[in-house]
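**Student:** Below is the file my_file-v5.txt, which contains compact mmCIF, C-alpha atoms and all ligand atoms.
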# COMPACT_ATOMS: atom_id res chain seq x y z
CA MET R 71 0.00 0.00 0.00
CA PRO R 72 1.42 3.50 -0.81
CA GLU R 73 2.55 5.84 1.96
CA VAL R 74 1.27 9.41 2.20
CA TYR R 75 2.23 12.27 4.52
CA ASN R 76 -0.36 13.24 7.14
CA TRP R 77 0.76 16.46 8.88
CA GLN R 78 -1.88 16.12 11.58
CA LEU R 79 -0.20 12.85 12.63
CA GLY R 80 3.27 14.25 12.05
CA ARG R 81 4.24 11.23 9.96
CA LYS R 82 3.66 9.13 6.87
CA MET R 83 0.86 6.61 6.91
CA LEU R 84 -0.58 3.87 4.72
CA TYR R 85 -3.32 4.88 2.28
CA PRO R 86 -4.71 2.84 -0.65
CA TYR R 87 -3.92 5.57 -3.22
CA GLU R 88 -0.82 7.60 -4.07
CA GLU R 89 -0.51 11.06 -2.50
CA ARG R 90 -2.21 13.69 -4.65
CA HIS R 91 -3.47 17.11 -3.61
CA PRO R 92 -5.98 19.63 -4.94
CA LYS R 93 -5.03 23.21 -5.81
CA TRP R 94 -7.26 24.60 -3.07
CA GLN R 95 -8.87 22.86 -0.12
CA PHE R 96 -12.31 23.50 1.38
CA ALA R 97 -11.82 23.96 5.15
CA PHE R 98 -13.74 25.34 8.10
CA VAL R 99 -13.44 26.26 11.78
CA PHE R 100 -16.29 25.75 14.24
CA ASN R 101 -16.07 27.42 17.64
CA ILE R 102 -17.73 24.88 19.93
CA ASN R 103 -17.81 27.38 22.80
CA ARG R 104 -20.37 29.54 21.04
CA CYS R 105 -22.90 26.99 19.74
CA LEU R 106 -26.40 27.14 21.22
CA ALA R 107 -27.73 24.04 19.44
CA CYS R 108 -30.46 26.00 17.74
CA GLN R 109 -30.12 23.56 14.80
CA THR R 110 -30.61 26.37 12.27
CA CYS R 111 -27.62 24.95 10.37
CA SER R 112 -29.20 21.49 10.30
CA MET R 113 -32.50 22.91 9.03
CA ALA R 114 -30.80 25.10 6.40
CA ASP R 115 -29.08 22.01 5.05
CA LYS R 116 -32.20 19.85 5.29
CA SER R 117 -34.39 22.36 3.50
CA THR R 118 -31.83 22.87 0.74
CA TRP R 119 -30.74 19.33 -0.14
CA LEU R 120 -32.55 16.72 1.94
CA PHE R 121 -36.32 17.05 1.60
CA SER R 122 -37.05 14.22 -0.86
CA LYS R 123 -38.32 10.69 -0.51
CA GLY R 124 -35.62 8.37 0.82
CA GLN R 125 -33.74 11.23 2.46
CA GLU R 126 -35.92 11.45 5.55
CA TYR R 127 -33.25 10.22 7.94
CA MET R 128 -30.42 12.15 6.29
CA TRP R 129 -28.73 15.04 8.09
CA TRP R 130 -25.54 15.96 6.24
CA ASN R 131 -25.20 18.67 8.89
CA ASN R 132 -26.01 17.55 12.39
CA VAL R 133 -25.32 19.02 15.81
CA GLU R 134 -24.91 16.33 18.43
CA THR R 135 -24.60 16.53 22.20
CA LYS R 136 -21.35 15.14 23.53
CA PRO R 137 -20.40 12.92 25.17
CA TYR R 138 -23.77 11.18 25.14
CA GLY R 139 -25.14 11.74 21.67
CA GLY R 140 -23.86 11.11 18.19
CA TYR R 141 -25.31 10.62 14.74
CA PRO R 142 -25.41 7.74 14.19
CA GLN R 143 -25.37 6.88 17.85
CA PHE R 144 -21.96 6.01 19.36
CA TYR R 145 -20.13 6.22 16.01
CA ASP R 146 -17.01 7.73 17.59
CA VAL R 147 -16.89 5.35 20.54
CA LYS R 148 -17.38 2.41 18.20
CA ILE R 149 -14.66 3.44 15.73
CA THR R 150 -12.24 4.16 18.56
CA GLN R 151 -12.99 0.80 20.13
CA LEU R 152 -12.62 -1.08 16.83
CA ILE R 153 -9.12 0.35 16.41
CA GLU R 154 -8.28 -0.34 20.05
CA GLN R 155 -9.30 -3.97 19.58
CA VAL R 156 -6.71 -4.28 16.79
CA ASN R 157 -4.05 -2.25 18.63
CA PRO R 158 -4.73 -2.57 22.37
CA GLY R 159 -3.03 0.13 24.41
CA GLY R 160 -1.07 1.46 21.44
CA GLN R 161 -3.09 4.57 20.52
CA VAL R 162 -0.58 7.10 21.87
CA TRP R 163 0.94 10.40 20.78
CA ASN R 164 4.60 11.27 21.12
CA VAL R 165 4.32 14.97 21.92
CA ARG R 166 8.03 15.56 22.39
CA VAL R 167 8.62 15.86 18.66
CA GLY R 168 8.95 19.51 17.74
CA ARG R 169 8.82 19.85 13.95
CA LYS R 170 6.61 22.87 13.87
CA HIS R 171 5.11 22.93 10.41
CA HIS R 172 5.14 19.22 9.56
CA ALA R 173 4.17 17.85 12.97
CA PRO R 174 2.53 20.61 15.00
CA TYR R 175 0.87 18.26 17.49
CA GLY R 176 3.73 15.74 17.80
CA VAL R 177 3.73 12.28 16.22
CA PHE R 178 0.89 9.81 16.52
CA GLU R 179 2.36 6.38 17.14
CA GLY R 180 -0.85 4.37 17.08
CA MET R 181 -2.95 2.95 14.26
CA THR R 182 -5.19 4.90 11.90
CA ILE R 183 -8.37 3.45 10.39
CA PHE R 184 -6.21 2.48 7.39
CA ASP R 185 -3.56 0.69 9.47
CA ALA R 186 -6.25 -1.16 11.41
CA GLY R 187 -8.13 -1.88 8.16
CA ALA R 188 -5.04 -3.51 6.64
CA LYS R 189 -5.00 -5.93 9.60
CA VAL R 190 -8.54 -7.07 8.86
CA GLY R 191 -8.30 -7.10 5.06
CA GLN R 192 -10.18 -3.84 4.46
CA ALA R 193 -9.17 -0.42 3.08
CA ALA R 194 -10.20 1.07 6.44
CA ILE R 195 -11.71 -0.35 9.60
CA GLY R 196 -15.38 0.45 10.07
CA TYR R 197 -18.92 -0.81 10.54
CA ILE R 198 -22.40 -0.22 9.15
CA PRO R 199 -24.66 1.47 11.71
CA THR R 200 -27.94 -0.24 12.51
CA ASP R 201 -31.28 1.37 11.61
CA GLN R 202 -31.80 2.06 15.31
CA GLU R 203 -28.56 4.01 15.52
CA TRP R 204 -29.72 6.30 12.71
CA ARG R 205 -33.07 6.83 14.40
CA PHE R 206 -32.35 9.81 16.67
CA VAL R 207 -30.40 12.66 15.22
CA ASN R 208 -29.68 14.15 18.60
CA ILE R 209 -30.61 11.81 21.41
CA TYR R 210 -29.95 13.30 24.86
CA GLU R 211 -30.05 16.84 23.54
CA ASP R 212 -29.74 19.27 26.43
CA THR R 213 -29.59 16.44 28.91
CA ALA R 214 -26.61 16.52 31.20
CA THR R 215 -26.33 12.85 32.06
CA SER R 216 -23.59 11.24 34.08
CA MET R 217 -20.82 9.11 32.63
CA ARG R 218 -22.54 6.13 34.25
CA ALA R 219 -25.46 6.54 31.84
CA LEU R 220 -23.05 6.63 28.92
CA VAL R 221 -21.51 3.34 30.00
CA GLU R 222 -24.94 1.78 30.43
CA ASN R 223 -25.90 2.84 26.92
CA ILE R 224 -22.70 1.45 25.46
CA ASP R 225 -23.55 -1.84 27.14
CA LYS R 226 -26.85 -1.78 25.27
CA SER R 227 -25.08 -1.04 21.98
CA GLY R 228 -23.38 -4.45 22.16
CA PHE R 229 -19.86 -3.06 22.31
CA THR R 230 -17.49 -3.68 25.18
CA ARG R 231 -17.97 -1.63 28.31
CA ASP R 232 -14.26 -0.95 28.78
CA GLU R 233 -14.41 2.57 30.25
CA PRO R 234 -14.98 4.63 27.10
CA TRP R 235 -13.37 7.74 28.54
CA ARG R 236 -10.09 5.94 29.03
CA LEU R 237 -9.60 5.28 25.33
CA SER R 238 -6.45 6.66 23.73
CA GLY R 239 -4.74 7.07 27.05
CA SER R 240 -7.00 9.83 28.36
CA SER R 241 -8.62 9.86 31.74
CA LEU R 242 -11.90 11.32 32.80
CA PRO R 243 -13.82 12.82 34.45
CA GLU R 244 -12.81 15.88 36.35
CA HIS R 245 -16.44 16.32 37.16
CA GLU R 246 -18.92 13.73 36.13
CA THR R 247 -21.67 15.76 34.55
CA TYR R 248 -21.14 18.08 31.59
CA PHE R 249 -22.07 18.34 27.94
CA PHE R 250 -21.36 20.35 24.84
CA TYR R 251 -22.53 20.50 21.27
CA LEU R 252 -20.52 19.13 18.37
CA GLN R 253 -21.43 20.47 14.95
CA ARG R 254 -20.63 18.05 12.14
CA ILE R 255 -20.58 18.00 8.38
CA CYS R 256 -18.40 15.94 6.02
CA ASN R 257 -14.78 16.98 6.61
CA HIS R 258 -13.83 16.73 2.92
CA CYS R 259 -10.82 14.86 4.21
CA THR R 260 -7.40 14.95 2.58
CA TYR R 261 -7.31 11.13 2.78
CA PRO R 262 -11.01 10.19 2.78
CA GLY R 263 -11.99 6.83 4.22
CA CYS R 264 -15.08 6.83 1.98
CA LEU R 265 -13.01 7.26 -1.18
CA ALA R 266 -10.52 4.59 -0.11
CA ALA R 267 -13.34 2.14 0.57
CA CYS R 268 -15.42 2.37 -2.61
CA PRO R 269 -14.85 -0.66 -4.86
CA ARG R 270 -16.51 1.18 -7.78
CA LYS R 271 -14.19 4.22 -7.53
CA ALA R 272 -17.38 6.25 -7.46
CA ILE R 273 -16.01 8.79 -4.95
CA TYR R 274 -13.62 11.53 -6.01
CA LYS R 275 -11.93 14.61 -4.61
CA ARG R 276 -12.21 17.67 -6.82
CA PRO R 277 -8.80 19.02 -7.89
CA GLU R 278 -10.03 22.63 -7.82
CA ASP R 279 -11.28 22.76 -4.20
CA GLY R 280 -10.77 19.36 -2.52
CA ILE R 281 -14.52 18.80 -2.14
CA VAL R 282 -15.30 15.06 -1.90
CA LEU R 283 -18.27 13.90 -3.98
CA ILE R 284 -20.06 10.63 -4.79
CA ASP R 285 -20.65 10.20 -8.53
CA GLN R 286 -24.33 9.34 -8.54
CA ASN R 287 -24.04 7.52 -11.88
CA ARG R 288 -21.12 5.32 -10.89
CA CYS R 289 -22.38 4.41 -7.41
CA ARG R 290 -24.03 0.97 -7.17
CA GLY R 291 -24.93 1.16 -3.50
CA TYR R 292 -22.19 -1.10 -2.10
CA LYS R 293 -22.21 0.94 1.13
CA LYS R 294 -18.49 0.46 1.75
CA CYS R 295 -18.32 4.26 2.06
CA VAL R 296 -20.97 4.15 4.80
CA GLU R 297 -18.95 1.44 6.51
CA GLN R 298 -15.51 3.04 6.25
CA CYS R 299 -16.07 6.76 6.70
CA PRO R 300 -15.27 6.99 10.42
CA PHE R 301 -17.39 10.15 10.71
CA LYS R 302 -20.37 8.32 9.16
CA LYS R 303 -21.18 11.04 6.68
CA PRO R 304 -22.08 9.07 3.50
CA MET R 305 -25.74 8.01 3.81
CA TYR R 306 -27.50 5.33 1.78
CA ARG R 307 -30.74 6.22 0.02
CA GLY R 308 -33.12 3.29 -0.33
CA THR R 309 -35.27 4.94 -3.02
CA THR R 310 -32.40 5.41 -5.48
CA ARG R 311 -30.13 2.63 -4.14
CA VAL R 312 -27.10 4.87 -4.16
CA SER R 313 -25.36 6.77 -1.39
CA GLU R 314 -25.28 10.52 -0.90
CA LYS R 315 -23.19 12.88 1.18
CA CYS R 316 -22.55 16.56 1.91
CA ILE R 317 -21.56 18.33 -1.31
CA ALA R 318 -20.19 21.44 0.46
CA CYS R 319 -22.87 23.45 -1.39
CA TYR R 320 -20.37 23.53 -4.27
CA PRO R 321 -22.40 25.81 -6.55
CA ARG R 322 -22.01 28.51 -3.88
CA ILE R 323 -18.29 27.84 -3.51
CA GLU R 324 -18.02 28.25 -7.28
CA GLY R 325 -19.67 31.66 -7.03
CA LYS R 326 -22.85 30.55 -8.85
CA ASP R 327 -25.23 32.11 -6.33
CA PRO R 328 -26.58 35.30 -7.91
CA LEU R 329 -26.39 37.06 -4.53
CA THR R 330 -22.60 37.37 -4.66
CA GLY R 331 -22.05 38.37 -8.29
CA GLY R 332 -19.67 35.51 -9.06
CA GLU R 333 -17.71 35.57 -5.79
CA PRO R 334 -17.29 32.37 -3.70
CA MET R 335 -19.96 32.14 -1.02
CA GLU R 336 -20.12 30.11 2.17
CA THR R 337 -22.26 26.96 2.40
CA ARG R 338 -25.88 27.09 3.58
CA CYS R 339 -25.13 25.64 7.02
CA MET R 340 -22.31 28.16 7.59
CA ALA R 341 -24.26 31.18 6.36
CA ALA R 342 -27.29 30.32 8.51
CA CYS R 343 -25.41 29.97 11.81
CA VAL R 344 -27.18 32.00 14.47
CA GLY R 345 -24.45 31.54 17.07
CA LYS R 346 -21.81 32.89 14.68
CA ILE R 347 -19.65 29.89 15.44
CA ARG R 348 -18.76 28.97 11.84
CA MET R 349 -16.26 30.20 9.33
CA GLN R 350 -15.34 28.52 6.09
CA SER R 351 -12.79 29.21 3.40
CA LEU R 352 -10.49 27.71 0.80
CA MET R 353 -6.83 27.08 1.56
CA ARG R 354 -4.15 27.20 -1.13
CA ILE R 355 -2.13 23.98 -1.24
CA GLY R 356 1.63 24.24 -1.65
CA GLU R 357 3.93 21.98 -3.63
CA ASP R 358 4.65 19.84 -0.56
CA GLY R 359 0.92 19.05 -0.22
CA LEU R 360 0.55 21.16 2.94
CA TRP R 361 -1.35 24.44 3.20
CA ALA R 362 0.78 27.13 1.60
CA GLU R 363 1.88 29.73 4.13
CA ASP R 364 -0.70 32.49 4.09
CA ARG R 365 -0.23 34.58 7.24
CA TRP R 366 -3.15 36.94 6.58
CA HIS R 367 -5.69 34.21 5.84
CA PRO R 368 -8.05 33.97 8.86
CA LEU R 369 -8.16 30.17 8.87
CA TYR R 370 -4.40 29.81 8.30
CA TYR R 371 -3.82 32.18 11.18
CA THR R 372 -6.28 30.37 13.48
CA ILE R 373 -5.23 26.81 12.66
CA ARG R 374 -1.56 27.03 11.71
CA VAL R 375 -0.23 30.15 13.50
CA GLU R 376 -2.22 30.31 16.77
CA GLN R 377 -3.21 26.61 16.64
CA VAL R 378 -6.39 27.49 18.51
CA ALA R 379 -8.56 25.27 16.25
CA LEU R 380 -7.90 21.53 15.99
CA PRO R 381 -8.95 18.64 13.74
CA LEU R 382 -11.63 16.21 14.96
CA TYR R 383 -10.22 12.77 15.80
CA PRO R 384 -6.94 13.34 13.94
CA GLN R 385 -5.75 9.90 15.10
CA TRP R 386 -8.21 8.26 12.71
CA GLY R 387 -5.87 9.37 9.91
CA THR R 388 -8.18 10.89 7.29
CA GLU R 389 -6.66 14.39 7.79
CA PRO R 390 -10.08 16.02 8.15
CA ASN R 391 -10.39 19.61 6.94
CA GLY R 392 -12.90 20.58 9.62
CA TYR R 393 -11.37 22.23 12.71
CA TYR R 394 -12.79 23.04 16.13
CA ILE R 395 -12.01 25.47 18.90
CA PRO R 396 -12.37 22.94 21.73
CA PRO R 397 -14.89 23.44 24.56
CA ARG R 398 -13.05 25.09 27.38
CA HIS R 399 -15.31 23.70 30.13
CA ALA R 400 -15.16 20.00 29.17
CA PRO R 401 -12.65 17.70 30.87
CA ARG R 402 -9.23 17.82 29.23
CA GLY R 403 -8.98 14.04 28.90
CA TYR R 404 -12.13 13.87 26.82
CA ASN R 405 -11.03 16.89 24.81
CA ARG R 406 -7.61 15.37 24.09
CA GLN R 407 -9.17 12.13 22.98
CA MET R 408 -11.37 14.03 20.54
CA PHE R 409 -8.98 16.70 19.25
CA GLY R 410 -5.49 15.35 20.02
CA PRO R 411 -2.68 16.72 22.13
CA GLY R 412 -3.01 20.30 20.84
CA VAL R 413 -5.95 20.86 23.22
CA ASP R 414 -4.07 22.47 26.10
CA ASN R 415 -2.44 25.08 23.89
CA ALA R 416 -5.73 25.76 22.07
CA ILE R 417 -7.76 26.31 25.24
CA GLU R 418 -5.07 28.48 26.80
CA LYS R 419 -4.94 30.64 23.66
CA TYR R 420 -8.72 30.90 23.56
CA LEU R 421 -9.09 31.77 27.27
CA VAL R 422 -6.59 34.61 27.08
CA PRO R 423 -6.55 35.54 23.39
CA SER R 424 -3.82 37.63 21.84
CA ARG R 425 -4.84 41.04 20.57
CA GLU R 426 -4.81 39.77 16.98
CA LEU R 427 -6.72 36.56 17.70
CA LEU R 428 -9.47 38.49 19.46
CA ALA R 429 -9.82 40.70 16.39
CA VAL R 430 -9.77 37.81 13.90
CA LEU R 431 -12.44 35.88 15.85
CA GLN R 432 -14.88 38.74 15.11
CA LEU R 433 -14.89 37.65 11.46
CA TRP R 434 -16.93 34.51 12.19
CA ARG R 435 -20.20 35.04 10.32
CA ALA R 436 -19.37 38.62 9.41
CA SER R 437 -19.94 37.95 5.70
CA GLN R 438 -21.72 35.45 3.47
CA GLN R 439 -18.87 35.77 1.00
CA ILE R 440 -15.83 33.62 1.66
CA VAL R 441 -13.07 35.61 3.34
CA PHE R 442 -9.59 34.92 1.95
CA ARG R 443 -7.61 37.63 3.77
CA TYR R 444 -7.90 39.88 6.80
CA ASP R 445 -6.31 43.01 8.12
CA VAL R 446 -6.51 44.75 11.49
CA ILE R 447 -6.69 48.52 12.08
CA PRO R 448 -5.44 49.27 15.62
CA GLY R 449 -7.86 50.98 18.01
CA PRO R 450 -7.63 52.34 21.57
CA LYS R 451 -7.31 50.21 24.69
CA VAL R 452 -10.75 49.87 26.27
CA PHE R 453 -10.37 47.36 29.07
CA GLU R 454 -7.84 45.52 31.17
CA THR R 455 -8.14 42.62 33.58
CA GLN R 456 -6.52 39.40 34.78
CA ILE R 457 -7.68 36.02 33.43
CA HIS R 458 -6.33 32.95 35.24
CA GLY R 459 -3.53 35.07 36.61
CA LYS R 460 -2.57 36.43 33.19
CA ARG R 461 -2.86 40.05 32.19
CA PHE R 462 -5.41 40.70 29.46
CA ASP R 463 -5.72 44.01 27.62
CA MET R 464 -8.59 44.59 25.25
CA TYR R 465 -8.26 46.98 22.33
CA ASN R 466 -11.10 48.20 20.20
CA ASP R 467 -9.40 47.19 16.97
CA THR R 468 -11.25 46.97 13.67
CA VAL R 469 -10.88 43.82 11.61
CA LEU R 470 -11.40 43.83 7.86
CA GLY R 471 -12.24 40.78 5.71
CA PHE R 472 -11.57 40.57 1.96
CA ASN R 473 -13.09 38.22 -0.61
CA LYS R 474 -11.23 36.27 -3.29
CA SER R 475 -10.98 39.34 -5.56
CA GLY R 476 -9.58 41.42 -2.71
CA LYS R 477 -12.77 43.44 -2.16
CA GLU R 478 -13.64 44.38 1.42
CA VAL R 479 -16.68 42.35 2.55
CA ALA R 480 -16.51 42.74 6.33
CA ARG R 481 -15.55 45.49 8.78
CA ILE R 482 -16.13 44.74 12.46
CA GLN R 483 -14.99 46.33 15.70
CA VAL R 484 -13.86 44.22 18.65
CA GLU R 485 -16.08 46.22 20.99
CA GLU R 486 -19.66 46.07 19.89
CA PRO R 487 -20.89 49.61 19.29
CA ILE R 488 -23.81 50.74 21.47
CA TYR R 489 -26.53 52.76 19.80
CA ILE R 490 -28.79 54.74 22.13
CA ARG R 491 -32.19 55.16 20.63
CA PRO R 492 -33.10 58.85 20.41
CA ALA R 493 -36.07 59.96 22.53
CA GLU R 494 -38.35 60.55 19.54
CA ARG R 495 -37.86 56.92 18.45
CA VAL R 496 -38.67 55.17 21.74
CA ASN R 497 -41.50 52.75 21.15
CA TRP R 498 -43.01 52.31 24.57
CA LEU R 499 -44.73 55.67 24.74
FE1 LIG R 501 -15.40 10.89 3.23
FE2 LIG R 501 -16.25 10.80 5.70
FE3 LIG R 501 -14.07 12.25 5.17
FE4 LIG R 501 -16.45 13.08 4.35
S1 LIG R 501 -15.83 12.87 6.50
S2 LIG R 501 -14.58 12.98 3.09
S3 LIG R 501 -17.54 11.19 3.91
S4 LIG R 501 -14.27 10.03 4.99
FE1 LIG R 502 -24.84 25.78 16.56
FE2 LIG R 502 -24.75 27.66 14.62
FE3 LIG R 502 -25.87 25.28 14.11
FE4 LIG R 502 -27.11 27.02 15.75
S1 LIG R 502 -26.73 27.32 13.53
S2 LIG R 502 -26.81 24.78 16.11
S3 LIG R 502 -25.37 28.00 16.79
S4 LIG R 502 -23.70 25.62 14.60
FE1 LIG R 503 -19.18 3.10 -3.63
FE2 LIG R 503 -20.50 3.89 -1.52
FE3 LIG R 503 -21.69 3.74 -3.82
S1 LIG R 503 -19.05 2.25 -1.61
S2 LIG R 503 -20.69 2.08 -4.84
S3 LIG R 503 -20.05 5.12 -3.31
S4 LIG R 503 -22.54 3.20 -1.85
Render the structure in this file as structure tokens.
Ligand code: SF4
Ligand code: SF4
Ligand code: F3S

**Tutor:**
Amino acid sequence: MPEVYNWQLGRKMLYPYEERHPKWQFAFVFNINRCLACQTCSMADKSTWLFSKGQEYMWWNNVETKPYGGYPQFYDVKITQLIEQVNPGGQVWNVRVGRKHHAPYGVFEGMTIFDAGAKVGQAAIGYIPTDQEWRFVNIYEDTATSMRALVENIDKSGFTRDEPWRLSGSSLPEHETYFFYLQRICNHCTYPGCLAACPRKAIYKRPEDGIVLIDQNRCRGYKKCVEQCPFKKPMYRGTTRVSEKCIACYPRIEGKDPLTGGEPMETRCMAACVGKIRMQSLMRIGEDGLWAEDRWHPLYYTIRVEQVALPLYPQWGTEPNGYYIPPRHAPRGYNRQMFGPGVDNAIEKYLVPSRELLAVLQLWRASQQIVFRYDVIPGPKVFETQIHGKRFDMYNDTVLGFNKSGKEVARIQVEEPIYIRPAERVNWL
């Protein structure tokens, strides 16, 4: 099997196809700390693409409650356990390695879904969820249950009990009861499990933007993609007998929406986000297959410079292009298991943000057009305090966002302006 470089793992790994990269890569950052689980994103997606017969159970965008929920139920616990069964005790990170650009989180020394798949004669290790597991898109929503309940439910799922929070060498809980929301779409992975798995070669990654699509004419419904995408994002449609998945609203990315006059526009789920937790863009890929250095790109800055946003389950090896600012209140062990060893740095940076990071974070949902570059105009100091013993100064800087053509599409101040309604406009008289 060929070897490919996975920078999130800090090393080469096995993958069924030779390394090849698109010119640009669809990527996004979700700030978990701000999500209110309003499900507006899920409904925007549903009402755009998923309202037809046979698609009733499909949610290409879903927001699940962790650690109890999941769509399909327990997908992440199950995948993690399947790998652990092949490589007991070996799912560890070596964080002492300090190659900044090529291995920012250290080196993962365990098995990916592809390594574990090779051991069982598959492209990637996986399973097909049962109908029951697809039944509730967000079971336990807003229910802070204890870890005991989670264990009891895993017992019911037929998988081993085996202390799920101790997987991958993490330990939980600091306090037993907590929850947060995890927003999920297809990660348009650099090394997609779905693409590796399909015996029909019906899945492809677009060279122009890295979006992963299922060719509806080639697909024969083998469901290997459903089995071997660890994030469980391809979904089988009984009425057409082929599988479907998130298409990253590609007509909008291509600038085909009349609203933007030909400029790339964010997906429906991103644009609808009420909590302003989502930002999406396209990253230019360099000759070495990594993101080309682009210091003034808001996602490059957030993910590669500040490293405040992290990939979801990087240890699975697909190099997902979805990134998350981890929940600061959830136990670190659980966070590390989900987002890798970069969690401590990310939370520290988020709790006491640098002047520039605070400004850049204002760009989330500031424009429906995709922002490719930012700039910051310095403003006066407006506040100072201590956070966790560290000095924090707040400046009322103004952040600007520019679209692909370099036109300004966003201008936001760090301090929200207050408008006092003039007396003649008061509406309670
Ligand atoms: Fe494929 Fe799943 Fe990755 Fe999407 S998240 S590209 S469906 S492996
Ligand atoms: Fe969370 Fe935004 Fe979706 Fe609402 S629209 S559930 S705030 S991601
Ligand atoms: Fe291939 Fe999945 Fe269709 S495995 S044939 S794309 S159902």

**Student:** When distances are computed from only C-alpha atoms, which of R:Pro262, R:Pro487, R:Gly196, R:Pro142 shows the smallest separation from Tyr87 of chain R?

**Tutor:**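 Closest residue, counting only C-alpha atoms: R:Pro262.
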
**Student:** Could you check the closest approach to ligand LIG 501 (chain R) for each of R:Glu314, R:Glu454, R:Asp146, R:Glu324 and tell me which residue wins, using only C-alpha atoms and all ligand atoms?

**Tutor:**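 Using only C-alpha atoms and all ligand atoms, ligand LIG 501 (chain R) sits closest to R:Glu314.
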
**Student:** Any residue with an atom at most 8 Å from ligand LIG 502 (chain R) counts, using all atoms listed in the file. Which are they? Put them as a list in words.

**Tutor:**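 Here is the list of contacting residues: Phe100, Ile102, Arg104, Cys105, Leu106, Ala107, Cys108, Gln109, Thr110, Cys111, Ser112, Asn132, Val133, Tyr251, Gln253, Cys339, Met340, Ala342, Cys343, Val344, Gly345, Lys346, Ile347 and Arg348 of chain R.
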
**Student:** Name all residues at most 12 Å from Glu418 of chain R (count all atoms listed in the file; drop same-chain ones fewer than 3 positions away) and give them as number ranges by chain.

**Tutor:** R: 376-379, 395-399, 402, 412-415, 421-424, 457-460

**Student:** Find the distance between atom CA of Ser437 of chain R and atom CA of Gly476 of chain R and write it in Å to one decimal.

**Tutor:**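 These atoms are spaced 13.8 Å apart.
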
**Student:** Please compute the atom CA of Val469 of chain R-atom CA of Glu426 of chain R distance, one decimal, in Å.

**Tutor:** 9.1 Å

**Student:** How would you write, as a PyMOL selection string, the set of residues no farther than 10 Å from ligand LIG 503 (chain R) when counting all atoms listed in the file?

**Tutor:** chain R and resi 264-274+283-299+304-307+311-315

**Student:** Go ahead and save the picked residues with C-alpha atoms, as a CSV table (one decimal), in the coordinates of the input.

**Tutor:**
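This went into selection_39.csv:
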chain,number,residue,atom,x,y,z
R,264,CYS,CA,-15.1,6.8,2.0
R,265,LEU,CA,-13.0,7.3,-1.2
R,266,ALA,CA,-10.5,4.6,-0.1
R,267,ALA,CA,-13.3,2.1,0.6
R,268,CYS,CA,-15.4,2.4,-2.6
R,269,PRO,CA,-14.8,-0.7,-4.9
R,270,ARG,CA,-16.5,1.2,-7.8
R,271,LYS,CA,-14.2,4.2,-7.5
R,272,ALA,CA,-17.4,6.2,-7.5
R,273,ILE,CA,-16.0,8.8,-5.0
R,274,TYR,CA,-13.6,11.5,-6.0
R,283,LEU,CA,-18.3,13.9,-4.0
R,284,ILE,CA,-20.1,10.6,-4.8
R,285,ASP,CA,-20.6,10.2,-8.5
R,286,GLN,CA,-24.3,9.3,-8.5
R,287,ASN,CA,-24.0,7.5,-11.9
R,288,ARG,CA,-21.1,5.3,-10.9
R,289,CYS,CA,-22.4,4.4,-7.4
R,290,ARG,CA,-24.0,1.0,-7.2
R,291,GLY,CA,-24.9,1.2,-3.5
R,292,TYR,CA,-22.2,-1.1,-2.1
R,293,LYS,CA,-22.2,0.9,1.1
R,294,LYS,CA,-18.5,0.5,1.8
R,295,CYS,CA,-18.3,4.3,2.1
R,296,VAL,CA,-21.0,4.2,4.8
R,297,GLU,CA,-19.0,1.4,6.5
R,298,GLN,CA,-15.5,3.0,6.2
R,299,CYS,CA,-16.1,6.8,6.7
R,304,PRO,CA,-22.1,9.1,3.5
R,305,MET,CA,-25.7,8.0,3.8
R,306,TYR,CA,-27.5,5.3,1.8
R,307,ARG,CA,-30.7,6.2,0.0
R,311,ARG,CA,-30.1,2.6,-4.1
R,312,VAL,CA,-27.1,4.9,-4.2
R,313,SER,CA,-25.4,6.8,-1.4
R,314,GLU,CA,-25.3,10.5,-0.9
R,315,LYS,CA,-23.2,12.9,1.2

**Student:** For His367 of chain R, list every protein, DNA or RNA residue within 9 Å, evaluated using all atoms listed in the file, and leave out those in the same chain fewer than 6 positions away; present the list as a PDB file with C-alpha atoms, keeping the file's coordinate frame.

**Tutor:**
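This is the output file result_7.pdb:
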ATOM      1  CA  MET R 353      -6.830  27.080   1.560  1.00  0.00           C
ATOM      2  CA  VAL R 441     -13.070  35.610   3.340  1.00  0.00           C
ATOM      3  CA  PHE R 442      -9.590  34.920   1.950  1.00  0.00           C
ATOM      4  CA  ARG R 443      -7.610  37.630   3.770  1.00  0.00           C
ATOM      5  CA  TYR R 444      -7.900  39.880   6.800  1.00  0.00           C
TER       6      TYR R 444
END

**Student:** Which is closest to ligand LIG 501 (chain R) among R:Ile153, R:Ile255, R:Ile183, R:Val165, if we use all atoms listed in the file?

**Tutor:**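 Looking at the shortest contact to ligand LIG 501 (chain R), the residue is R:Ile255.
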